[in-house]
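Participant: The following file, run.tsv, comprises TSV, C-alpha atoms and all ligand atoms:
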chain	number	residue	atom	x	y	z
A	1	MET	CA	17.11	1.26	-14.34
A	2	LYS	CA	15.51	-2.07	-15.26
A	3	HIS	CA	17.41	-5.23	-14.31
A	4	SER	CA	16.92	-8.94	-14.94
A	5	ILE	CA	15.51	-11.17	-12.22
A	6	GLU	CA	18.94	-12.83	-11.79
A	7	THR	CA	20.68	-9.47	-11.22
A	8	VAL	CA	17.99	-8.36	-8.79
A	9	CYS	CA	18.38	-11.56	-6.73
A	10	THR	CA	22.16	-11.12	-6.62
A	11	MET	CA	21.79	-7.48	-5.54
A	12	LEU	CA	19.34	-8.38	-2.75
A	13	LYS	CA	21.60	-11.17	-1.47
A	14	GLY	CA	24.48	-8.66	-1.47
A	15	GLY	CA	22.55	-6.23	0.76
A	16	GLU	CA	21.28	-3.75	-1.82
A	17	VAL	CA	17.83	-2.15	-2.01
A	18	VAL	CA	15.83	-2.74	-5.22
A	19	ALA	CA	12.26	-2.07	-6.33
A	20	LEU	CA	10.05	-5.10	-7.02
A	21	PRO	CA	6.58	-5.34	-8.56
A	22	THR	CA	3.67	-6.73	-6.57
A	23	GLU	CA	0.03	-7.13	-7.53
A	24	THR	CA	-0.76	-4.10	-5.33
A	25	VAL	CA	2.02	-1.50	-5.77
A	26	TYR	CA	5.79	-1.58	-6.34
A	27	GLY	CA	7.80	-2.19	-3.17
A	28	LEU	CA	11.30	-1.20	-2.03
A	29	ALA	CA	12.85	-4.51	-1.06
A	30	ALA	CA	15.66	-5.41	1.35
A	31	SER	CA	16.68	-8.80	2.70
A	32	LEU	CA	15.97	-9.67	6.35
A	33	ASP	CA	19.62	-10.79	6.50
A	34	HIS	CA	20.88	-7.23	5.88
A	35	PRO	CA	20.02	-4.74	8.68
A	36	ASP	CA	21.94	-1.97	6.88
A	37	ALA	CA	19.81	-2.40	3.77
A	38	ILE	CA	16.68	-2.18	5.95
A	39	ASN	CA	17.96	1.06	7.52
A	40	LYS	CA	18.74	2.40	4.05
A	41	ILE	CA	15.07	1.98	3.09
A	42	PHE	CA	14.03	4.39	5.86
A	43	THR	CA	16.62	6.92	4.64
A	44	ILE	CA	15.88	6.81	0.93
A	45	LYS	CA	12.11	6.89	1.41
A	46	ASN	CA	12.44	9.56	4.09
A	47	ARG	CA	10.24	7.28	6.19
A	48	PRO	CA	9.62	8.04	9.87
A	49	GLN	CA	11.54	5.52	12.04
A	50	ASP	CA	8.41	4.65	14.00
A	51	ASN	CA	6.54	3.33	10.94
A	52	PRO	CA	7.10	-0.47	10.77
A	53	LEU	CA	7.65	-2.56	7.63
A	54	ILE	CA	5.80	-5.60	6.25
A	55	ILE	CA	7.75	-8.86	5.91
A	56	HIS	CA	6.99	-10.57	2.59
A	57	ALA	CA	7.67	-14.21	1.75
A	58	ALA	CA	6.85	-16.81	-0.90
A	59	SER	CA	4.73	-18.89	1.50
A	60	PHE	CA	3.51	-19.06	5.08
A	61	ASP	CA	6.21	-21.67	5.76
A	62	GLN	CA	8.84	-18.91	5.39
A	63	LEU	CA	6.84	-16.58	7.69
A	64	GLN	CA	5.80	-18.85	10.56
A	65	GLN	CA	9.14	-18.30	12.36
A	66	TYR	CA	8.26	-14.59	12.87
A	67	CYS	CA	4.93	-14.94	14.68
A	68	ALA	CA	4.25	-15.80	18.31
A	69	GLU	CA	0.50	-16.47	17.97
A	70	MET	CA	-2.05	-18.01	15.61
A	71	PRO	CA	-5.39	-16.29	16.34
A	72	PRO	CA	-8.74	-17.87	15.40
A	73	LYS	CA	-9.59	-17.79	11.67
A	74	PHE	CA	-5.96	-16.93	10.86
A	75	LEU	CA	-5.43	-20.07	8.77
A	76	MET	CA	-8.76	-19.59	7.00
A	77	LEU	CA	-7.73	-16.04	6.09
A	78	LEU	CA	-4.43	-17.29	4.67
A	79	ASP	CA	-6.12	-20.10	2.73
A	80	THR	CA	-8.55	-17.63	1.19
A	81	PHE	CA	-6.38	-14.59	0.51
A	82	TRP	CA	-2.70	-15.72	0.17
A	83	PRO	CA	-0.91	-15.31	-2.11
A	84	GLY	CA	-2.63	-11.94	-2.42
A	85	PRO	CA	-3.27	-8.45	-1.07
A	86	LEU	CA	-3.83	-9.21	2.62
A	87	THR	CA	-1.35	-8.18	5.34
A	88	VAL	CA	-1.82	-9.73	8.77
A	89	VAL	CA	-0.45	-8.12	11.94
A	90	LEU	CA	0.35	-10.62	14.72
A	91	LYS	CA	2.32	-10.79	17.97
A	92	ALA	CA	5.94	-11.06	16.88
A	93	ASP	CA	8.63	-13.45	17.95
A	94	GLN	CA	10.76	-10.53	19.10
A	95	GLU	CA	14.03	-12.45	18.83
A	96	LYS	CA	13.40	-13.23	15.16
A	97	VAL	CA	11.93	-9.93	13.94
A	98	PRO	CA	14.56	-7.16	13.96
A	99	GLU	CA	13.56	-4.12	16.01
A	100	ASN	CA	13.85	-1.72	13.04
A	101	VAL	CA	11.36	-3.86	11.05
A	102	ARG	CA	8.67	-3.68	13.73
A	103	ALA	CA	9.66	-0.12	14.77
A	104	GLY	CA	9.87	-1.24	18.39
A	105	LEU	CA	6.30	-2.64	18.48
A	106	GLU	CA	5.51	-6.11	19.84
A	107	THR	CA	3.81	-7.04	16.58
A	108	VAL	CA	4.87	-7.90	13.04
A	109	ALA	CA	3.07	-7.48	9.70
A	110	LEU	CA	3.23	-10.43	7.27
A	111	ARG	CA	2.19	-10.89	3.64
A	112	VAL	CA	2.56	-13.36	0.75
A	113	PRO	CA	2.17	-11.33	-2.46
A	114	SER	CA	0.96	-12.93	-5.70
A	115	HIS	CA	3.05	-11.29	-8.43
A	116	PRO	CA	4.79	-14.24	-10.16
A	117	LEU	CA	8.15	-12.46	-10.64
A	118	THR	CA	8.36	-11.36	-7.02
A	119	LEU	CA	7.32	-14.81	-5.81
A	120	GLN	CA	10.31	-16.17	-7.76
A	121	VAL	CA	12.60	-13.60	-6.11
A	122	LEU	CA	11.23	-14.45	-2.65
A	123	GLN	CA	11.79	-18.16	-3.26
A	124	GLU	CA	15.37	-17.50	-4.31
A	125	VAL	CA	16.37	-14.81	-1.76
A	126	GLY	CA	14.10	-15.55	1.24
A	127	PRO	CA	11.94	-13.08	3.22
A	128	LEU	CA	12.13	-9.38	2.29
A	129	VAL	CA	10.78	-6.22	3.87
A	130	MET	CA	8.92	-4.15	1.29
A	131	PRO	CA	7.29	-0.80	1.93
A	132	SER	CA	5.69	0.90	-1.05
A	133	ALA	CA	8.30	2.24	-3.50
A	134	ASN	CA	7.50	5.95	-3.20
A	135	LEU	CA	8.89	8.88	-1.25
A	136	SER	CA	7.01	9.06	2.06
A	137	GLY	CA	3.85	11.12	1.70
A	138	LYS	CA	3.72	10.83	-2.11
A	139	PRO	CA	1.35	8.65	-4.18
A	140	SER	CA	2.52	5.02	-4.31
A	141	ALA	CA	4.17	3.60	-7.43
A	142	THR	CA	2.15	1.32	-9.72
A	143	ARG	CA	4.54	1.41	-12.72
A	144	PRO	CA	8.36	1.19	-13.04
A	145	GLU	CA	8.39	4.83	-14.29
A	146	HIS	CA	6.86	5.99	-11.00
A	147	VAL	CA	9.77	4.43	-9.09
A	148	GLU	CA	12.25	6.16	-11.40
A	149	ILE	CA	10.52	9.52	-10.92
A	150	ASP	CA	10.83	9.24	-7.12
A	151	PHE	CA	14.28	7.62	-6.80
A	152	GLY	CA	16.08	8.50	-10.04
A	153	LEU	CA	16.64	6.81	-13.41
A	154	ASN	CA	19.53	4.72	-12.05
A	155	PHE	CA	17.52	3.15	-9.26
A	156	PRO	CA	17.32	-0.65	-9.77
A	157	VAL	CA	13.83	-1.93	-10.67
A	158	LEU	CA	12.48	-5.32	-11.67
A	159	ASP	CA	9.93	-4.53	-14.39
A	160	GLY	CA	6.68	-6.37	-13.70
A	161	GLY	CA	4.45	-4.06	-15.75
A	162	ILE	CA	1.50	-2.12	-14.34
A	163	CYS	CA	0.35	-3.41	-10.94
A	164	HIS	CA	-3.00	-5.04	-11.63
A	165	LEU	CA	-4.70	-4.01	-8.36
A	166	GLY	CA	-2.97	-0.64	-8.02
A	167	THR	CA	-3.60	-0.04	-4.34
A	168	GLU	CA	-1.93	-1.42	-1.21
A	169	SER	CA	-2.85	-4.60	0.64
A	170	THR	CA	-5.59	-4.50	3.27
A	171	VAL	CA	-3.99	-4.66	6.75
A	172	ILE	CA	-5.80	-6.49	9.56
A	173	CYS	CA	-4.84	-7.16	13.14
A	174	PHE	CA	-6.30	-9.28	15.95
A	175	ARG	CA	-7.21	-7.44	19.17
A	176	TYR	CA	-9.44	-8.32	22.12
A	177	GLY	CA	-10.80	-11.42	20.37
A	178	ARG	CA	-11.71	-9.73	17.06
A	179	TRP	CA	-10.06	-8.90	13.75
A	180	GLU	CA	-9.90	-5.18	12.98
A	181	LEU	CA	-8.78	-3.19	9.94
A	182	ALA	CA	-5.56	-1.23	10.28
A	183	ARG	CA	-5.66	-0.08	6.64
A	184	LEU	CA	-8.32	-0.29	3.93
A	185	GLY	CA	-6.90	-1.78	0.74
A	186	ALA	CA	-7.38	-4.08	-2.21
A	187	ILE	CA	-9.61	-6.53	-0.31
A	188	SER	CA	-12.90	-4.98	0.81
A	189	PRO	CA	-14.21	-5.29	4.40
A	190	GLU	CA	-17.20	-7.22	3.03
A	191	GLU	CA	-14.94	-9.85	1.40
A	192	LEU	CA	-13.16	-10.35	4.73
A	193	GLY	CA	-16.55	-10.57	6.39
A	194	GLN	CA	-17.42	-13.61	4.29
A	195	VAL	CA	-14.52	-15.51	5.89
A	196	LEU	CA	-14.70	-14.03	9.40
A	197	GLY	CA	-18.49	-14.19	9.81
A	198	TYR	CA	-18.53	-10.44	10.62
A	199	VAL	CA	-17.37	-7.35	8.74
A	200	PRO	CA	-14.25	-6.06	10.53
A	201	CYS	CA	-14.27	-2.47	11.84
A	202	MET	CA	-11.51	0.11	11.50
A	203	LEU	CA	-9.03	0.26	14.38
A	204	PRO	CA	-9.69	3.27	16.57
A	205	LYS	CA	-7.29	6.08	15.62
A	206	SER	CA	-5.00	6.99	18.49
A	207	MET	CA	-2.48	9.61	17.41
A	208	ASP	CA	-0.20	9.50	20.45
A	209	LYS	CA	0.22	5.72	20.63
A	210	PRO	CA	-1.15	4.30	17.38
A	211	ILE	CA	-1.48	0.52	16.99
A	212	SER	CA	-0.62	0.90	13.31
A	213	PRO	CA	1.69	3.94	13.00
A	214	GLY	CA	0.97	4.38	9.26
A	215	GLN	CA	-2.48	5.67	10.26
A	216	LYS	CA	-1.09	8.94	11.58
A	217	TYR	CA	0.99	10.01	8.57
A	218	ARG	CA	0.03	12.06	5.55
A	219	HIS	CA	-0.15	9.86	2.48
A	220	TYR	CA	-0.57	9.62	-1.26
A	221	ALA	CA	-0.53	13.41	-1.77
A	222	PRO	CA	0.17	15.09	-5.11
A	223	LYS	CA	1.34	18.73	-5.13
A	224	ALA	CA	-2.14	19.78	-6.28
A	225	VAL	CA	-4.80	20.74	-3.77
A	226	LEU	CA	-7.72	18.29	-4.03
A	227	VAL	CA	-11.14	19.85	-3.43
A	228	LEU	CA	-13.37	17.13	-1.98
A	229	ASP	CA	-16.20	19.17	-0.55
A	230	ARG	CA	-18.69	21.38	-2.35
A	231	THR	CA	-17.27	24.74	-1.22
A	232	LEU	CA	-16.08	25.41	-4.78
A	233	SER	CA	-17.77	24.52	-8.06
A	234	PRO	CA	-16.00	22.49	-10.78
A	235	GLU	CA	-16.15	25.58	-13.09
A	236	THR	CA	-14.24	27.73	-10.59
A	237	VAL	CA	-11.56	25.08	-10.15
A	238	GLY	CA	-11.25	24.22	-13.87
A	239	VAL	CA	-9.82	20.70	-13.47
A	240	VAL	CA	-12.03	17.74	-12.53
A	241	LEU	CA	-10.85	14.38	-11.26
A	242	GLY	CA	-13.89	12.34	-12.16
A	243	PHE	CA	-15.46	9.50	-14.12
A	244	SER	CA	-15.73	8.75	-17.84
A	245	ASP	CA	-19.49	8.17	-17.72
A	246	ARG	CA	-20.33	11.48	-15.99
A	247	LYS	CA	-20.94	14.90	-17.55
A	248	TYR	CA	-18.99	17.88	-16.19
A	249	PRO	CA	-19.06	21.53	-17.31
A	250	GLU	CA	-17.55	21.87	-20.81
A	251	SER	CA	-15.03	24.47	-19.65
A	252	CYS	CA	-13.36	21.88	-17.36
A	253	LYS	CA	-10.40	19.68	-18.15
A	254	VAL	CA	-11.44	16.18	-17.00
A	255	ILE	CA	-8.95	13.59	-15.74
A	256	SER	CA	-10.74	10.24	-15.52
A	257	LEU	CA	-10.46	7.51	-12.91
A	258	GLY	CA	-12.56	5.17	-15.10
A	259	SER	CA	-16.26	4.40	-14.95
A	260	THR	CA	-18.62	4.69	-11.97
A	261	ALA	CA	-19.56	1.05	-12.66
A	262	ASN	CA	-16.12	-0.26	-11.67
A	263	ALA	CA	-14.58	0.49	-8.27
A	264	ALA	CA	-11.60	-1.81	-8.88
A	265	GLU	CA	-10.71	0.14	-12.05
A	266	ALA	CA	-10.92	3.51	-10.26
A	267	VAL	CA	-8.75	2.25	-7.39
A	268	LYS	CA	-6.25	0.80	-9.86
A	269	ASN	CA	-5.93	4.11	-11.74
A	270	LEU	CA	-5.81	6.42	-8.71
A	271	TYR	CA	-2.05	6.71	-8.07
A	272	HIS	CA	-1.24	7.13	-11.76
A	273	VAL	CA	-3.88	9.86	-12.01
A	274	LEU	CA	-2.57	11.64	-8.88
A	275	ARG	CA	0.95	11.53	-10.34
A	276	GLN	CA	-0.44	12.84	-13.65
A	277	LEU	CA	-1.69	15.94	-11.78
A	278	ASP	CA	1.92	16.65	-10.73
A	279	GLN	CA	3.29	16.04	-14.22
A	280	GLU	CA	0.73	18.37	-15.75
A	281	GLN	CA	1.48	20.92	-12.99
A	282	VAL	CA	-2.13	21.14	-11.91
A	283	ASP	CA	-2.53	23.40	-8.83
A	284	VAL	CA	-6.09	22.54	-7.82
A	285	ALA	CA	-8.46	19.74	-8.85
A	286	TRP	CA	-12.13	19.29	-8.01
A	287	VAL	CA	-12.81	15.66	-7.10
A	288	ASP	CA	-16.10	13.91	-7.88
A	289	MET	CA	-16.81	12.08	-4.60
A	290	ASP	CA	-20.30	10.98	-5.63
A	291	PHE	CA	-19.88	7.20	-5.47
A	292	PRO	CA	-21.16	4.45	-3.13
A	293	LYS	CA	-19.79	4.10	0.41
A	294	ALA	CA	-19.17	0.37	0.26
A	295	GLY	CA	-16.72	-2.20	-1.09
A	296	LEU	CA	-13.59	-0.90	-2.80
A	297	TRP	CA	-15.19	2.57	-3.09
A	298	LEU	CA	-14.34	2.90	0.63
A	299	THR	CA	-10.66	2.41	-0.22
A	300	LEU	CA	-10.90	5.02	-2.99
A	301	ALA	CA	-12.57	7.52	-0.64
A	302	GLU	CA	-10.00	6.94	2.11
A	303	ARG	CA	-7.03	7.40	-0.27
A	304	LEU	CA	-8.57	10.60	-1.70
A	305	HIS	CA	-9.19	12.00	1.80
A	306	LYS	CA	-5.60	11.31	2.83
A	307	ALA	CA	-4.27	12.71	-0.46
A	308	SER	CA	-6.23	15.93	0.10
A	309	HIS	CA	-4.68	16.73	3.49
A	310	LYS	CA	-1.94	19.30	3.38
A	401	LIG	O1	0.53	-3.74	-0.70
A	401	LIG	C1	1.37	-3.52	0.19
A	401	LIG	O2	1.16	-3.80	1.39
A	401	LIG	C2	2.70	-2.89	-0.24
A	401	LIG	C3	3.44	-3.88	-1.15
A	401	LIG	C4	4.79	-3.38	-1.59
A	401	LIG	O3	3.52	-5.14	-0.53
A	401	LIG	N1	3.48	-2.50	0.90
A	401	LIG	C5	3.12	-1.44	1.69
A	401	LIG	O4	4.00	-1.16	2.71
A	401	LIG	O5	2.12	-0.79	1.50
A	401	LIG	P1	3.99	0.26	3.49
A	401	LIG	O6	5.21	0.19	4.34
A	401	LIG	O7	3.90	1.37	2.54
A	401	LIG	O8	2.73	0.17	4.41
A	401	LIG	C6	2.70	-0.73	5.49
A	401	LIG	C7	1.60	-0.39	6.45
A	401	LIG	C8	1.89	0.90	7.21
A	401	LIG	O9	0.68	1.61	7.37
A	401	LIG	C9	2.40	0.39	8.56
A	401	LIG	O10	2.17	1.31	9.61
A	401	LIG	C10	1.59	-0.90	8.72
A	401	LIG	O11	1.50	-1.44	7.42
A	401	LIG	N2	2.32	-1.86	9.60
A	401	LIG	C11	3.49	-2.48	9.36
A	401	LIG	N3	3.87	-3.23	10.41
A	401	LIG	C12	2.90	-3.08	11.36
A	401	LIG	C13	2.71	-3.58	12.68
A	401	LIG	N4	3.59	-4.39	13.26
A	401	LIG	N5	1.61	-3.21	13.34
A	401	LIG	C14	0.70	-2.40	12.77
A	401	LIG	N6	0.82	-1.88	11.52
A	401	LIG	C15	1.91	-2.21	10.82
A	402	MG	MG	3.26	3.19	1.74
Here is the file; what I need is its structure written in the form of structure tokens.

Facilitator:
Amino acid sequence: MKHSIETVCTMLKGGEVVALPTETVYGLAASLDHPDAINKIFTIKNRPQDNPLIIHAASFDQLQQYCAEMPPKFLMLLDTFWPGPLTVVLKADQEKVPENVRAGLETVALRVPSHPLTLQVLQEVGPLVMPSANLSGKPSATRPEHVEIDFGLNFPVLDGGICHLGTESTVICFRYGRWELARLGAISPEELGQVLGYVPCMLPKSMDKPISPGQKYRHYAPKAVLVLDRTLSPETVGVVLGFSDRKYPESCKVISLGSTANAAEAVKNLYHVLRQLDQEQVDVAWVDMDFPKAGLWLTLAERLHKASHK
């Protein structure tokens, strides 16, 4: 249910969980002053307890108290990308960051989002944890309706329209003297490279003791099976998840991600399109994976791979 910004601020200060818009995806917000509200987020999302949360604030001034280090290039990264879709993982001040927020790790993830409504809320209420506003494992929410589908029509939402980036923030962390990517996202590795002087690599994936626990979980998955390889033809599958400027067999129903000329558009549309597959009760979809392996196309490919795992 949509609420005004004033009501949402009052609810957050009173220890309730509400959904807020960001430029990336909608988030489920709880105040750092309310440990019960933070625990409630894990329950209602059905989120594994070992998957930590990002602390969001209106400015770095509100976040500085949580970190115990300032690695090289950190301030340049903030100057370039905040407010915006970059999440930075740093050594935490363990006294200040509640254990359930960092899921017992020694680090904390920090972000200043750029959505004007949520910046107003953060200024008024103070720092908030905000995981994506979807049931764990499901596609993230990029519209208020998506939040209502996952959490019910009565769930409180601040309506900020359609998220203009439509995919999560890029997560980076500093290890052994270098910045590494913990999650691909709305900022491409190449864009980060322009600030860092090198293009950051992906963190190695360690399943037993992951540095970023989100890496090990299934994500973004619709009920439909996504066929990413060429074992089946589009005709046999019947439904194509593809691009508006490509030709597919006439017998196929085509659901479009946008044009092959625009990676940002395809990334922005992805979660809505994955949710559309569920609404239209599609069982199997053949996915056109013929796009470049660079820039935001890497984010699209990664999300599609994760969404295809059953
Ligand atoms: O764009 C976004 O980042 C959205 C919006 C709402 O801000 N939030 C979001 O949160 O995507 P969530 O919880 O769905 O994803 C957070 C990711 C997870 O993969 C988690 O494992 C990782 O960040 N993360 C959080 N804290 C971490 C930490 N201390 N160390 C390593 N990874 C961390
Ligand atoms: Mg998420």

Participant: Please, which residues in chain A fall within 8 Å of ligand MG 402 (chain A) when counting all atoms listed in the file, and what is the closest atom pair and distance in Å to one decimal for each, ordered by chain then residue number, as JSON lines?

Facilitator:
{"residue": "A:Pro131", "atom": "CA", "partner": "A:MG402", "partner_atom": "MG", "distance": 5.7}
{"residue": "A:Ser132", "atom": "CA", "partner": "A:MG402", "partner_atom": "MG", "distance": 4.4}
{"residue": "A:Ala133", "atom": "CA", "partner": "A:MG402", "partner_atom": "MG", "distance": 7.3}
{"residue": "A:Asn134", "atom": "CA", "partner": "A:MG402", "partner_atom": "MG", "distance": 7.1}
{"residue": "A:Ser136", "atom": "CA", "partner": "A:MG402", "partner_atom": "MG", "distance": 7.0}
{"residue": "A:Gly137", "atom": "CA", "partner": "A:MG402", "partner_atom": "MG", "distance": 8.0}
{"residue": "A:Ser140", "atom": "CA", "partner": "A:MG402", "partner_atom": "MG", "distance": 6.4}
{"residue": "A:Glu168", "atom": "CA", "partner": "A:MG402", "partner_atom": "MG", "distance": 7.5}
{"residue": "A:Gly214", "atom": "CA", "partner": "A:MG402", "partner_atom": "MG", "distance": 8.0}
{"residue": "A:His219", "atom": "CA", "partner": "A:MG402", "partner_atom": "MG", "distance": 7.5}

Participant: Between atom CA of Phe174 of chain A and atom CA of Asn100 of chain A, measure the distance and give it in Å to one decimal.

Facilitator: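 Atom CA of Asn100 of chain A lies 21.7 Å from atom CA of Phe174 of chain A.
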
Participant: Write out as a count of residues only the residues lying within 10 Å of Phe42 of chain A, counting all atoms listed in the file and excluding same-chain residues fewer than 5 positions away.

Facilitator: 12

Participant: With the cut-off set at 8 Å and counting all atoms listed in the file, tabulate each residue of chain A with an atom at most that distance from an atom of ligand LIG 401 (chain A), showing the nearest atom pair and its distance in Å to one decimal, ordered by chain and increasing number, as a tab-separated table.

Facilitator:
residue	atom	partner	partner_atom	distance
A:Leu20	CA	A:LIG401	C4	7.8
A:Pro21	CA	A:LIG401	C4	7.5
A:Thr22	CA	A:LIG401	C4	6.1
A:Glu23	CA	A:LIG401	O1	7.6
A:Thr24	CA	A:LIG401	O1	4.8
A:Val25	CA	A:LIG401	C4	5.4
A:Tyr26	CA	A:LIG401	C4	5.2
A:Gly27	CA	A:LIG401	C4	3.6
A:Leu28	CA	A:LIG401	C4	6.9
A:Asn51	CA	A:LIG401	O10	5.0
A:Pro52	CA	A:LIG401	N3	4.3
A:Leu53	CA	A:LIG401	C11	4.5
A:Ile54	CA	A:LIG401	C11	5.0
A:His56	CA	A:LIG401	O3	7.2
A:Pro85	CA	A:LIG401	O1	6.1
A:Leu86	CA	A:LIG401	O2	7.5
A:Thr87	CA	A:LIG401	O2	6.4
A:Val89	CA	A:LIG401	N5	5.5
A:Leu90	CA	A:LIG401	N4	7.2
A:Ala92	CA	A:LIG401	N4	7.9
A:Val101	CA	A:LIG401	N3	7.5
A:Arg102	CA	A:LIG401	N4	5.2
A:Ala103	CA	A:LIG401	N4	7.6
A:Leu105	CA	A:LIG401	N4	6.1
A:Glu106	CA	A:LIG401	N4	7.1
A:Thr107	CA	A:LIG401	N4	4.3
A:Val108	CA	A:LIG401	N4	3.7
A:Ala109	CA	A:LIG401	N3	4.4
A:Leu110	CA	A:LIG401	N3	7.9
A:Arg111	CA	A:LIG401	O3	7.2
A:Pro113	CA	A:LIG401	O3	6.6
A:Met130	CA	A:LIG401	C4	5.1
A:Pro131	CA	A:LIG401	O6	3.3
A:Ser132	CA	A:LIG401	O7	4.0
A:Ala133	CA	A:LIG401	C4	6.9
A:Ser140	CA	A:LIG401	O7	7.9
A:Thr167	CA	A:LIG401	O1	6.6
A:Glu168	CA	A:LIG401	O1	3.4
A:Ser169	CA	A:LIG401	O1	3.7
A:Thr170	CA	A:LIG401	O2	7.0
A:Val171	CA	A:LIG401	O11	6.4
A:Cys173	CA	A:LIG401	C14	7.3
A:Ala182	CA	A:LIG401	N6	6.5
A:Arg183	CA	A:LIG401	O9	6.6
A:Gly185	CA	A:LIG401	O1	7.8
A:Ile211	CA	A:LIG401	C14	5.6
A:Ser212	CA	A:LIG401	C14	3.6
A:Pro213	CA	A:LIG401	O10	4.3
A:Gly214	CA	A:LIG401	O10	3.3
A:Gln215	CA	A:LIG401	O9	5.9

Participant: Compile the contact shell of Gly295 of chain A as a PDB file with C-alpha atoms, in the frame of the given file: residues with an atom at most 9 Å away, counting only C-alpha atoms, same-chain residues fewer than 6 positions apart removed.

Facilitator:
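selection.pdb, freshly written:
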ATOM      1  CA  ILE A 187      -9.610  -6.530  -0.310  1.00  0.00           C
ATOM      2  CA  SER A 188     -12.900  -4.980   0.810  1.00  0.00           C
ATOM      3  CA  PRO A 189     -14.210  -5.290   4.400  1.00  0.00           C
ATOM      4  CA  GLU A 190     -17.200  -7.220   3.030  1.00  0.00           C
ATOM      5  CA  GLU A 191     -14.940  -9.850   1.400  1.00  0.00           C
ATOM      6  CA  ALA A 263     -14.580   0.490  -8.270  1.00  0.00           C
TER       7      ALA A 263
END

Participant: Would you mind listing what lies within 10 Å of Thr80 of chain A as a PyMOL selection string, with only C-alpha atoms counted and same-chain residues fewer than 5 positions away left out?

Facilitator: chain A and resi 75+86+192+195

Participant: Quote the spacing between atom CA of Ala19 of chain A and atom CA of Val157 of chain A in Å to one decimal place.

Facilitator: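 Computing the Euclidean distance for atom CA of Ala19 of chain A and atom CA of Val157 of chain A yields 4.6 Å.
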
Participant: In Å, how far is it from atom CA of Met70 of chain A to atom CA of Leu196 of chain A?

Facilitator: 14.6 Å

Participant: Select, from A:Val239, A:Val199, A:Ile255, A:Val112, the residue with the minimum atom-to-atom distance to Ala294 of chain A, counting all atoms listed in the file.

Facilitator: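 Of A:Val239, A:Val199, A:Ile255, A:Val112, the one nearest Ala294 of chain A, counting all atoms listed in the file, is A:Val199.
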
Participant: Excluding segment 7-10 of chain A and residues on its chain fewer than 4 positions from it, collect all residues at most 9 Å away from it, counting only C-alpha atoms, and give them as a list of chain:residue names.

Facilitator: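 So, after excluding close chain neighbours, the residues are A:His3, A:Gly14, A:Gly15, A:Glu16, A:Val18, A:Ala19, A:Leu20, A:Val121, A:Leu122, A:Glu124, A:Val125, A:Pro156, A:Val157, A:Leu158.
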
Participant: Residues as selected, C-alpha atoms, written as a JSON list (two decimals), in the coordinates of the input, can you do that?

Facilitator:
[["chain", "number", "residue", "atom", "x", "y", "z"],
["A", 3, "HIS", "CA", 17.41, -5.23, -14.31],
["A", 14, "GLY", "CA", 24.48, -8.66, -1.47],
["A", 15, "GLY", "CA", 22.55, -6.23, 0.76],
["A", 16, "GLU", "CA", 21.28, -3.75, -1.82],
["A", 18, "VAL", "CA", 15.83, -2.74, -5.22],
["A", 19, "ALA", "CA", 12.26, -2.07, -6.33],
["A", 20, "LEU", "CA", 10.05, -5.10, -7.02],
["A", 121, "VAL", "CA", 12.60, -13.60, -6.11],
["A", 122, "LEU", "CA", 11.23, -14.45, -2.65],
["A", 124, "GLU", "CA", 15.37, -17.50, -4.31],
["A", 125, "VAL", "CA", 16.37, -14.81, -1.76],
["A", 156, "PRO", "CA", 17.32, -0.65, -9.77],
["A", 157, "VAL", "CA", 13.83, -1.93, -10.67],
["A", 158, "LEU", "CA", 12.48, -5.32, -11.67]]
